[in-house]
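*Asks:* upload-v4.cif is the file, holding mmCIF, C-alpha atoms and all ligand atoms:
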```cif
data_coords
loop_
_atom_site.group_PDB
_atom_site.id
_atom_site.type_symbol
_atom_site.label_atom_id
_atom_site.label_comp_id
_atom_site.auth_asym_id
_atom_site.auth_seq_id
_atom_site.Cartn_x
_atom_site.Cartn_y
_atom_site.Cartn_z
ATOM 1 C CA MET A 1 -23.194 6.818 28.849
ATOM 2 C CA PRO A 2 -19.537 7.612 28.080
ATOM 3 C CA ASN A 3 -18.813 8.963 24.652
ATOM 4 C CA LEU A 4 -16.988 6.520 22.344
ATOM 5 C CA THR A 5 -14.380 9.020 21.152
ATOM 6 C CA GLN A 6 -13.460 9.825 24.745
ATOM 7 C CA ALA A 7 -13.490 6.156 25.752
ATOM 8 C CA LEU A 8 -11.211 5.234 22.823
ATOM 9 C CA ALA A 9 -8.811 8.044 23.777
ATOM 10 C CA ASP A 10 -8.771 7.002 27.463
ATOM 11 C CA ALA A 11 -8.170 3.365 26.557
ATOM 12 C CA ALA A 12 -5.430 4.331 24.075
ATOM 13 C CA ALA A 13 -3.628 6.341 26.770
ATOM 14 C CA LYS A 14 -3.718 3.429 29.221
ATOM 15 C CA ILE A 15 -2.583 0.962 26.568
ATOM 16 C CA GLU A 16 0.231 3.328 25.585
ATOM 17 C CA ARG A 17 1.499 3.286 29.199
ATOM 18 C CA THR A 18 1.296 -0.517 29.367
ATOM 19 C CA LEU A 19 3.124 -0.884 26.042
ATOM 20 C CA ASP A 20 5.757 1.569 27.223
ATOM 21 C CA GLN A 21 6.301 -0.606 30.332
ATOM 22 C CA VAL A 22 6.525 -3.928 28.487
ATOM 23 C CA LEU A 23 8.836 -2.368 25.890
ATOM 24 C CA SER A 24 11.193 -1.003 28.518
ATOM 25 C CA PRO A 25 14.741 -1.450 27.183
ATOM 26 C CA ASP A 26 16.164 -2.322 30.652
ATOM 27 C CA ASN A 27 19.000 -4.807 30.237
ATOM 28 C CA ALA A 28 18.541 -4.840 26.468
ATOM 29 C CA PRO A 29 21.503 -6.575 24.822
ATOM 30 C CA GLU A 30 21.217 -4.284 21.810
ATOM 31 C CA PRO A 31 19.365 -0.933 22.028
ATOM 32 C CA ARG A 32 18.668 -0.707 18.266
ATOM 33 C CA ILE A 33 16.121 -3.527 18.283
ATOM 34 C CA TYR A 34 14.223 -1.856 21.144
ATOM 35 C CA GLU A 35 14.354 1.463 19.301
ATOM 36 C CA ALA A 36 12.708 -0.163 16.267
ATOM 37 C CA MET A 37 10.104 -1.975 18.395
ATOM 38 C CA ARG A 38 9.242 1.215 20.273
ATOM 39 C CA TYR A 39 9.271 3.300 17.073
ATOM 40 C CA THR A 40 6.614 1.142 15.476
ATOM 41 C CA THR A 41 4.476 0.416 18.533
ATOM 42 C CA LEU A 42 4.303 3.633 20.537
ATOM 43 C CA GLY A 43 2.487 6.850 19.689
ATOM 44 C CA GLY A 44 0.145 5.737 16.921
ATOM 45 C CA GLY A 45 -2.819 3.700 15.821
ATOM 46 C CA LYS A 46 -6.431 3.640 16.925
ATOM 47 C CA ARG A 47 -5.774 0.845 19.476
ATOM 48 C CA LEU A 48 -9.084 -0.689 18.446
ATOM 49 C CA ARG A 49 -8.068 -4.271 19.258
ATOM 50 C CA PRO A 50 -6.981 -3.548 22.853
ATOM 51 C CA PHE A 51 -10.080 -1.377 23.243
ATOM 52 C CA LEU A 52 -12.177 -4.454 22.450
ATOM 53 C CA VAL A 53 -10.245 -6.412 25.089
ATOM 54 C CA LEU A 54 -10.969 -3.727 27.695
ATOM 55 C CA GLN A 55 -14.639 -3.553 26.737
ATOM 56 C CA SER A 56 -15.194 -7.316 26.717
ATOM 57 C CA ALA A 57 -13.329 -7.579 30.041
ATOM 58 C CA GLY A 58 -15.653 -4.907 31.447
ATOM 59 C CA LEU A 59 -18.654 -7.152 30.749
ATOM 60 C CA PHE A 60 -17.316 -9.750 33.188
ATOM 61 C CA GLY A 61 -15.877 -7.515 35.914
ATOM 62 C CA VAL A 62 -12.243 -8.275 35.058
ATOM 63 C CA ALA A 63 -9.636 -6.136 36.897
ATOM 64 C CA GLU A 64 -7.786 -3.480 34.910
ATOM 65 C CA THR A 65 -4.234 -4.890 34.919
ATOM 66 C CA PRO A 66 -5.088 -8.292 33.352
ATOM 67 C CA ALA A 67 -7.206 -6.545 30.704
ATOM 68 C CA LEU A 68 -4.503 -3.977 29.907
ATOM 69 C CA ARG A 69 -1.740 -6.584 29.655
ATOM 70 C CA THR A 70 -3.894 -8.783 27.390
ATOM 71 C CA GLY A 71 -4.791 -5.772 25.243
ATOM 72 C CA ALA A 72 -1.129 -4.772 25.021
ATOM 73 C CA ALA A 73 -0.152 -8.315 23.965
ATOM 74 C CA LEU A 74 -2.750 -8.206 21.194
ATOM 75 C CA GLU A 75 -1.519 -4.793 20.022
ATOM 76 C CA LEU A 76 2.069 -6.137 19.907
ATOM 77 C CA ILE A 77 0.916 -8.858 17.513
ATOM 78 C CA HIS A 78 -0.972 -6.307 15.411
ATOM 79 C CA CYS A 79 2.119 -4.057 15.244
ATOM 80 C CA TYR A 80 4.333 -6.980 14.234
ATOM 81 C CA SER A 81 1.908 -7.825 11.426
ATOM 82 C CA LEU A 82 2.009 -4.244 10.145
ATOM 83 C CA VAL A 83 5.841 -4.159 10.184
ATOM 84 C CA HIS A 84 6.104 -7.412 8.232
ATOM 85 C CA ASP A 85 3.227 -6.536 5.891
ATOM 86 C CA ASP A 86 5.002 -3.285 4.945
ATOM 87 C CA LEU A 87 8.251 -5.047 3.951
ATOM 88 C CA PRO A 88 9.327 -5.019 0.287
ATOM 89 C CA ALA A 89 8.645 -8.781 0.043
ATOM 90 C CA MET A 90 5.010 -8.182 1.014
ATOM 91 C CA ASP A 91 3.139 -4.910 0.451
ATOM 92 C CA ASP A 92 6.258 -2.739 0.077
ATOM 93 C CA ASP A 93 4.903 0.343 1.841
ATOM 94 C CA ASP A 94 6.826 3.475 2.843
ATOM 95 C CA LEU A 95 4.198 5.031 5.107
ATOM 96 C CA ARG A 96 2.439 3.643 8.178
ATOM 97 C CA ARG A 97 0.569 5.527 10.881
ATOM 98 C CA GLY A 98 1.675 8.749 9.196
ATOM 99 C CA LYS A 99 5.414 8.083 9.431
ATOM 100 C CA PRO A 100 8.071 6.119 7.512
ATOM 101 C CA THR A 101 7.727 2.340 7.863
ATOM 102 C CA VAL A 102 10.295 0.520 10.008
ATOM 103 C CA HIS A 103 12.386 -0.805 7.117
ATOM 104 C CA LYS A 104 12.578 2.772 5.741
ATOM 105 C CA GLU A 105 13.486 4.374 9.087
ATOM 106 C CA PHE A 106 15.889 1.569 10.110
ATOM 107 C CA ASP A 107 16.595 -1.189 7.561
ATOM 108 C CA GLU A 108 14.982 -4.374 6.307
ATOM 109 C CA ALA A 109 16.803 -6.833 8.577
ATOM 110 C CA THR A 110 15.990 -4.706 11.644
ATOM 111 C CA ALA A 111 12.323 -4.576 10.582
ATOM 112 C CA ILE A 112 12.179 -8.384 10.302
ATOM 113 C CA LEU A 113 13.786 -8.797 13.721
ATOM 114 C CA ALA A 114 11.617 -6.101 15.328
ATOM 115 C CA GLY A 115 8.497 -7.908 14.031
ATOM 116 C CA ASP A 116 9.777 -11.255 15.320
ATOM 117 C CA ALA A 117 10.568 -9.729 18.711
ATOM 118 C CA LEU A 118 7.120 -8.075 19.008
ATOM 119 C CA LEU A 119 5.473 -11.407 18.179
ATOM 120 C CA THR A 120 7.397 -13.322 20.823
ATOM 121 C CA LEU A 121 7.091 -10.552 23.429
ATOM 122 C CA ALA A 122 3.288 -10.788 23.158
ATOM 123 C CA PHE A 123 3.375 -14.364 24.448
ATOM 124 C CA GLU A 124 5.899 -13.480 27.162
ATOM 125 C CA VAL A 125 3.469 -10.802 28.404
ATOM 126 C CA LEU A 126 0.470 -13.164 28.394
ATOM 127 C CA GLY A 127 2.365 -15.961 30.129
ATOM 128 C CA ALA A 128 3.609 -13.791 33.005
ATOM 129 C CA PRO A 129 1.818 -14.234 36.374
ATOM 130 C CA GLU A 130 0.913 -10.491 36.480
ATOM 131 C CA THR A 131 -1.484 -11.125 33.574
ATOM 132 C CA HIS A 132 -3.702 -13.520 35.561
ATOM 133 C CA ASP A 133 -3.273 -15.467 38.758
ATOM 134 C CA ASP A 134 -4.866 -18.597 37.226
ATOM 135 C CA ALA A 135 -2.333 -20.444 35.043
ATOM 136 C CA ALA A 136 -5.167 -22.153 33.117
ATOM 137 C CA VAL A 137 -6.505 -18.739 32.074
ATOM 138 C CA ARG A 138 -3.021 -17.641 30.971
ATOM 139 C CA ALA A 139 -2.629 -20.842 28.950
ATOM 140 C CA ASN A 140 -6.025 -20.266 27.311
ATOM 141 C CA LEU A 141 -5.079 -16.667 26.439
ATOM 142 C CA VAL A 142 -1.812 -17.891 24.871
ATOM 143 C CA VAL A 143 -3.371 -20.743 22.879
ATOM 144 C CA GLU A 144 -6.213 -18.613 21.490
ATOM 145 C CA LEU A 145 -3.836 -15.794 20.502
ATOM 146 C CA ALA A 146 -1.486 -18.269 18.824
ATOM 147 C CA LYS A 147 -4.439 -19.644 16.843
ATOM 148 C CA ALA A 148 -5.682 -16.163 15.892
ATOM 149 C CA ALA A 149 -2.244 -14.953 14.779
ATOM 150 C CA GLY A 150 -1.011 -18.142 13.136
ATOM 151 C CA VAL A 151 -1.634 -20.373 10.181
ATOM 152 C CA ARG A 152 -5.325 -20.884 11.046
ATOM 153 C CA GLY A 153 -5.716 -17.132 11.468
ATOM 154 C CA MET A 154 -3.861 -13.998 10.347
ATOM 155 C CA VAL A 155 -0.829 -15.679 8.749
ATOM 156 C CA GLY A 156 -3.095 -18.104 6.859
ATOM 157 C CA GLY A 157 -5.157 -15.155 5.587
ATOM 158 C CA GLN A 158 -2.052 -13.273 4.533
ATOM 159 C CA MET A 159 -0.880 -16.320 2.555
ATOM 160 C CA ILE A 160 -4.202 -16.512 0.701
ATOM 161 C CA ASP A 161 -3.917 -12.755 0.080
ATOM 162 C CA LEU A 162 -0.454 -13.141 -1.466
ATOM 163 C CA GLN A 163 -1.749 -15.882 -3.763
ATOM 164 C CA ALA A 164 -4.698 -13.667 -4.726
ATOM 165 C CA GLU A 165 -2.212 -11.523 -6.658
ATOM 166 C CA THR A 166 -2.063 -14.250 -9.306
ATOM 167 C CA GLN A 167 -5.596 -15.641 -9.132
ATOM 168 C CA THR A 168 -9.061 -14.100 -9.025
ATOM 169 C CA LEU A 169 -11.077 -14.651 -5.852
ATOM 170 C CA ASP A 170 -14.859 -14.561 -5.619
ATOM 171 C CA LEU A 171 -16.867 -12.989 -2.778
ATOM 172 C CA GLU A 172 -16.918 -16.157 -0.704
ATOM 173 C CA GLU A 173 -13.151 -16.564 -1.006
ATOM 174 C CA ILE A 174 -12.487 -12.897 -0.177
ATOM 175 C CA THR A 175 -14.755 -13.229 2.864
ATOM 176 C CA GLN A 176 -12.816 -16.280 4.076
ATOM 177 C CA LEU A 177 -9.481 -14.522 3.440
ATOM 178 C CA GLN A 178 -10.524 -11.465 5.428
ATOM 179 C CA ARG A 179 -12.079 -13.456 8.269
ATOM 180 C CA LEU A 180 -8.600 -14.901 8.775
ATOM 181 C CA LYS A 181 -6.335 -11.974 7.915
ATOM 182 C CA THR A 182 -8.132 -9.181 9.771
ATOM 183 C CA GLY A 183 -11.028 -10.871 11.550
ATOM 184 C CA ALA A 184 -9.079 -13.351 13.670
ATOM 185 C CA LEU A 185 -7.269 -10.714 15.785
ATOM 186 C CA ILE A 186 -10.463 -8.690 16.186
ATOM 187 C CA ALA A 187 -12.240 -11.848 17.340
ATOM 188 C CA TYR A 188 -9.476 -12.487 19.839
ATOM 189 C CA GLY A 189 -9.951 -8.996 21.258
ATOM 190 C CA CYS A 190 -13.664 -9.664 21.710
ATOM 191 C CA GLN A 191 -13.309 -13.063 23.353
ATOM 192 C CA ALA A 192 -10.305 -12.163 25.531
ATOM 193 C CA GLY A 193 -12.536 -10.556 28.171
ATOM 194 C CA ALA A 194 -14.609 -13.749 28.324
ATOM 195 C CA ILE A 195 -11.451 -15.832 28.821
ATOM 196 C CA LEU A 196 -10.116 -13.489 31.513
ATOM 197 C CA GLY A 197 -13.490 -13.414 33.260
ATOM 198 C CA LYS A 198 -14.086 -17.195 32.936
ATOM 199 C CA ALA A 199 -17.407 -16.435 31.243
ATOM 200 C CA SER A 200 -19.953 -19.056 30.218
ATOM 201 C CA ALA A 201 -19.669 -20.684 26.793
ATOM 202 C CA ALA A 202 -22.829 -18.790 25.754
ATOM 203 C CA GLY A 203 -21.331 -15.414 26.710
ATOM 204 C CA ARG A 204 -18.119 -16.181 24.837
ATOM 205 C CA GLN A 205 -20.071 -17.341 21.762
ATOM 206 C CA ALA A 206 -22.175 -14.156 21.692
ATOM 207 C CA LEU A 207 -18.954 -12.121 21.633
ATOM 208 C CA LEU A 208 -17.481 -14.289 18.877
ATOM 209 C CA ASP A 209 -20.646 -13.833 16.796
ATOM 210 C CA TYR A 210 -20.416 -10.056 17.336
ATOM 211 C CA ALA A 211 -16.719 -10.159 16.351
ATOM 212 C CA ARG A 212 -17.402 -12.108 13.163
ATOM 213 C CA ASP A 213 -19.682 -9.349 11.861
ATOM 214 C CA LEU A 214 -17.569 -6.527 13.270
ATOM 215 C CA GLY A 215 -14.369 -7.860 11.665
ATOM 216 C CA LEU A 216 -15.942 -8.099 8.240
ATOM 217 C CA ALA A 217 -17.541 -4.651 8.539
ATOM 218 C CA PHE A 218 -14.123 -3.282 9.574
ATOM 219 C CA GLN A 219 -12.459 -4.841 6.512
ATOM 220 C CA ILE A 220 -15.110 -3.572 4.094
ATOM 221 C CA ALA A 221 -14.569 -0.086 5.550
ATOM 222 C CA ASP A 222 -10.830 -0.577 4.994
ATOM 223 C CA ASP A 223 -11.456 -1.459 1.336
ATOM 224 C CA LEU A 224 -13.653 1.641 0.999
ATOM 225 C CA LEU A 225 -10.906 3.811 2.516
ATOM 226 C CA ASP A 226 -8.438 2.385 0.006
ATOM 227 C CA VAL A 227 -10.723 3.705 -2.753
ATOM 228 C CA GLU A 228 -12.129 6.876 -1.198
ATOM 229 C CA GLY A 229 -9.650 7.873 1.519
ATOM 230 C CA ASN A 230 -6.446 9.858 1.327
ATOM 231 C CA ALA A 231 -2.962 9.227 2.720
ATOM 232 C CA GLU A 232 -3.146 12.309 4.961
ATOM 233 C CA GLU A 233 -6.149 11.022 6.890
ATOM 234 C CA THR A 234 -5.407 7.294 6.775
ATOM 235 C CA GLY A 235 -1.655 7.629 7.477
ATOM 236 C CA LYS A 236 -0.907 4.996 4.833
ATOM 237 C CA ALA A 237 -0.827 4.726 1.048
ATOM 238 C CA VAL A 238 -4.248 4.396 -0.627
ATOM 239 C CA GLY A 239 -5.352 3.030 -4.010
ATOM 240 C CA LYS A 240 -3.068 0.026 -3.603
ATOM 241 C CA ASP A 241 -5.651 -2.701 -4.200
ATOM 242 C CA ALA A 242 -6.798 -1.300 -7.531
ATOM 243 C CA ALA A 243 -3.176 -0.664 -8.607
ATOM 244 C CA ALA A 244 -2.337 -4.295 -7.818
ATOM 245 C CA GLY A 245 -5.474 -5.455 -9.682
ATOM 246 C CA LYS A 246 -6.701 -7.200 -6.528
ATOM 247 C CA GLU A 247 -10.320 -8.147 -5.971
ATOM 248 C CA THR A 248 -11.798 -6.558 -2.840
ATOM 249 C CA PHE A 249 -15.289 -6.170 -1.383
ATOM 250 C CA VAL A 250 -15.479 -2.860 -3.257
ATOM 251 C CA SER A 251 -14.382 -4.242 -6.628
ATOM 252 C CA LEU A 252 -16.915 -7.076 -6.275
ATOM 253 C CA MET A 253 -19.855 -5.157 -4.756
ATOM 254 C CA GLY A 254 -19.269 -1.597 -5.928
ATOM 255 C CA VAL A 255 -18.844 1.357 -3.561
ATOM 256 C CA GLU A 256 -22.534 1.652 -2.682
ATOM 257 C CA GLY A 257 -23.027 -2.106 -2.338
ATOM 258 C CA ALA A 258 -19.995 -2.389 -0.069
ATOM 259 C CA ARG A 259 -21.176 0.511 2.083
ATOM 260 C CA ARG A 260 -24.633 -1.084 2.426
ATOM 261 C CA GLU A 261 -23.120 -4.444 3.352
ATOM 262 C CA ALA A 262 -20.856 -2.841 5.987
ATOM 263 C CA GLY A 263 -23.923 -1.136 7.496
ATOM 264 C CA ARG A 264 -25.896 -4.398 7.490
ATOM 265 C CA LEU A 265 -23.048 -6.225 9.225
ATOM 266 C CA ALA A 266 -22.716 -3.442 11.824
ATOM 267 C CA ASP A 267 -26.452 -3.716 12.602
ATOM 268 C CA ARG A 268 -26.171 -7.477 12.950
ATOM 269 C CA ALA A 269 -23.104 -7.114 15.171
ATOM 270 C CA VAL A 270 -25.159 -4.895 17.494
ATOM 271 C CA SER A 271 -27.952 -7.473 17.615
ATOM 272 C CA ARG A 272 -25.458 -10.147 18.727
ATOM 273 C CA LEU A 273 -24.920 -8.185 21.958
ATOM 274 C CA GLU A 274 -28.533 -8.670 23.003
ATOM 275 C CA PRO A 275 -27.588 -10.893 26.016
ATOM 276 C CA PHE A 276 -25.556 -8.040 27.552
ATOM 277 C CA ASP A 277 -26.806 -4.988 29.441
ATOM 278 C CA GLU A 278 -25.732 -1.362 29.029
ATOM 279 C CA ARG A 279 -22.150 -2.333 29.843
ATOM 280 C CA ALA A 280 -21.963 -3.399 26.170
ATOM 281 C CA ASP A 281 -23.095 0.016 24.883
ATOM 282 C CA LEU A 282 -19.599 1.090 23.821
ATOM 283 C CA MET A 283 -19.217 -2.160 21.881
ATOM 284 C CA ARG A 284 -22.536 -1.352 20.196
ATOM 285 C CA GLU A 285 -21.197 2.100 19.278
ATOM 286 C CA THR A 286 -17.939 0.544 18.088
ATOM 287 C CA ALA A 287 -19.836 -1.362 15.403
ATOM 288 C CA ARG A 288 -21.039 1.977 13.961
ATOM 289 C CA PHE A 289 -17.614 3.551 14.406
ATOM 290 C CA VAL A 290 -15.725 0.923 12.373
ATOM 291 C CA VAL A 291 -17.860 1.527 9.298
ATOM 292 C CA ASP A 292 -17.871 5.330 9.567
ATOM 293 C CA ARG A 293 -14.166 5.772 10.360
ATOM 294 C CA LYS A 294 -11.874 7.918 8.232
ATOM 295 C CA ASN A 295 -8.609 6.181 9.147
HETATM 296 C C1 LIG B 1 2.615 -10.129 7.777
HETATM 297 C C2 LIG B 1 1.810 -12.139 9.067
HETATM 298 C C3 LIG B 1 1.516 -10.883 8.394
HETATM 299 C C4 LIG B 1 0.247 -10.459 8.367
HETATM 300 C C5 LIG B 1 -0.173 -9.188 7.833
HETATM 301 C C6 LIG B 1 -2.966 -7.517 9.147
HETATM 302 C C7 LIG B 1 -2.112 -7.761 7.975
HETATM 303 C C8 LIG B 1 -1.663 -9.144 7.788
HETATM 304 C C9 LIG B 1 -1.708 -6.784 7.157
HETATM 305 C C10 LIG B 1 -2.074 -5.381 7.304
HETATM 306 C C11 LIG B 1 -2.488 -4.846 5.982
HETATM 307 C C12 LIG B 1 -3.781 -4.186 6.052
HETATM 308 C C13 LIG B 1 -3.773 -2.737 5.787
HETATM 309 C C14 LIG B 1 -4.883 -4.877 6.346
HETATM 310 C C15 LIG B 1 -6.214 -4.273 6.383
HETATM 311 C C16 LIG B 1 -6.838 -4.223 7.727
HETATM 312 C C17 LIG B 1 -5.909 -3.697 8.746
HETATM 313 C C18 LIG B 1 -5.257 -4.697 9.596
HETATM 314 C C19 LIG B 1 -5.722 -2.383 8.860
HETATM 315 C C20 LIG B 1 -4.849 -1.783 9.881
HETATM 316 O O1 LIG B 1 -5.476 -1.846 11.132
HETATM 317 P P1 LIG B 1 -5.978 -0.536 11.875
HETATM 318 O O2 LIG B 1 -6.833 0.287 10.951
HETATM 319 O O3 LIG B 1 -4.578 0.210 12.083
HETATM 320 O O4 LIG B 1 -6.598 -0.921 13.173
HETATM 321 P P2 LIG B 1 -4.078 1.107 13.300
HETATM 322 O O5 LIG B 1 -2.858 1.805 12.725
HETATM 323 O O6 LIG B 1 -5.168 2.066 13.687
HETATM 324 O O7 LIG B 1 -3.706 0.176 14.411
#
```
Using the file provided, produce a representation of the structure as structure tokens.
*Replies:*
Amino acid sequence: MPNLTQALADAAAKIERTLDQVLSPDNAPEPRIYEAMRYTTLGGGKRLRPFLVLQSAGLFGVAETPALRTGAALELIHCYSLVHDDLPAMDDDDLRRGKPTVHKEFDEATAILAGDALLTLAFEVLGAPETHDDAAVRANLVVELAKAAGVRGMVGGQMIDLQAETQTLDLEEITQLQRLKTGALIAYGCQAGAILGKASAAGRQALLDYARDLGLAFQIADDLLDVEGNAEETGKAVGKDAAAGKETFVSLMGVEGARREAGRLADRAVSRLEPFDERADLMRETARFVVDRKN
């Protein structure tokens, strides 16, 4: 069985090449916007979301190019969200993936435009015939990504998060917030392979159930890193939630309680993959990885 660390590194290298291709500045009207898009997208990040696309695609025998292009589109959306989240009007962060954030390296207006351009490029990539020869599959990929990234997904979760600065949320509300803000893109990564491979409804549902637990476990680990991690390892500022007085899984459950809950969710995520054979082993390992990660 391939080792997860090696598999993540191999997938990241392939995704890097695909992102480099789709971010090629050929015929760019203005090089600066491409510089900012490439600065924020290339050469960093765990590439966990595209990894999930590649793994779920592997369960259904999907060819490499469709999986890589779908994974790259998802990573473009993730990168856009990080650029906008780091802006002064949102989280106001200076450090991301171990280097200055886009508005620090370039300027605020360029960061807004680079985020907008990454968001729209994602849909251009998915809609192109190279992504899948069946137009219905491409349409499904586009619609599901729009839902995951938009008001019923990540953007909706971010809005609740902004409001949480002035009101106290309970565990149920935090769970709902995080299912949208972080969980929706992770869920897209897990179901993308099923869409590409025209899988049965049952296969797609099993992956969505896995993703629901994985996404929450991932977010609890993120909250733990904000308390216990350091900027050197995480590549971003830590201690921000407590400084902002925000409720998180850790503030509500305590460090030990949060760690236990992340472990429980990871175990349940693994059990959701029961219908799949050993081709799902790396997804099983991924559930452990997201709770044990240091960045
Ligand atoms: C601005 C529309 C809009 C949304 C922002 C995702 C998000 C919503 C903000 C990011 C803030 C944040 C730190 C969220 C916690 C979970 C998360 C998305 C962490 C970063 O993802 P990783 O750990 O990062 O996969 P890398 O750099 O490895 O890709």
*Asks:* Using all atoms listed in the file, determine which residues fall within 8 Å of ligand LIG 1 (chain B), then list them as number ranges by chain.
*Replies:* A: 44-49, 75, 78-86, 90-91, 96-97, 149-150, 154-155, 157-158, 181-182, 218-219, 222-223, 235, 295
*Asks:* Please write as a list in words the full residue list that the PyMOL selection byres (((chain A and resi 234) around 8) and not hetatm) yields on this file.
*Replies:*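 In the shown coordinates, the PyMOL selection byres (((chain A and resi 234) around 8) and not hetatm) covers Arg97, Gly98, Leu225, Gly229, Asn230, Ala231, Glu232, Glu233, Gly235, Lys236, Ala237, Lys294 and Asn295 of chain A.
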*Asks:* CA of Ser200 in chain A to CA of Val143 in chain A: how many Å, to one decimal?
*Replies:* 18.2 Å
*Asks:* List as a PDB file with C-alpha atoms, keeping the file's coordinate frame the protein and nucleic acid residues near Ala211 in chain A, meaning an atom at most 8 Å away when all atoms listed in the file are counted, but skip any in the same chain fewer than 6 places from it.
*Replies:*
```
ATOM      1  CA  GLY A 183     -11.028 -10.871  11.550  1.00  0.00           C
ATOM      2  CA  ILE A 186     -10.463  -8.690  16.186  1.00  0.00           C
ATOM      3  CA  ALA A 187     -12.240 -11.848  17.340  1.00  0.00           C
ATOM      4  CA  CYS A 190     -13.664  -9.664  21.710  1.00  0.00           C
ATOM      5  CA  ALA A 269     -23.104  -7.114  15.171  1.00  0.00           C
TER       6      ALA A 269
END
```
*Asks:* Mind giving me the axis-aligned box for range 194-208 of chain A with 5 Å on every side, centre plus edges in Å to one decimal, as JSON?
*Replies:*
```
{"center_x": -16.5, "center_y": -16.4, "center_z": 26.1, "size_x": 22.7, "size_y": 18.6, "size_z": 24.4}
```
*Asks:* One number please: CA of Glu285 in chain A to CA of Pro50 in chain A, in Å, one decimal.
*Replies:* 15.7 Å
*Asks:* Which of these residues is nearest to Arg284 in chain A, using only C-alpha atoms: A:Thr18, A:Thr41, A:Gln55, A:Gln163?
*Replies:*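 Once distances to Arg284 in chain A are computed over only C-alpha atoms, the minimum belongs to A:Gln55.
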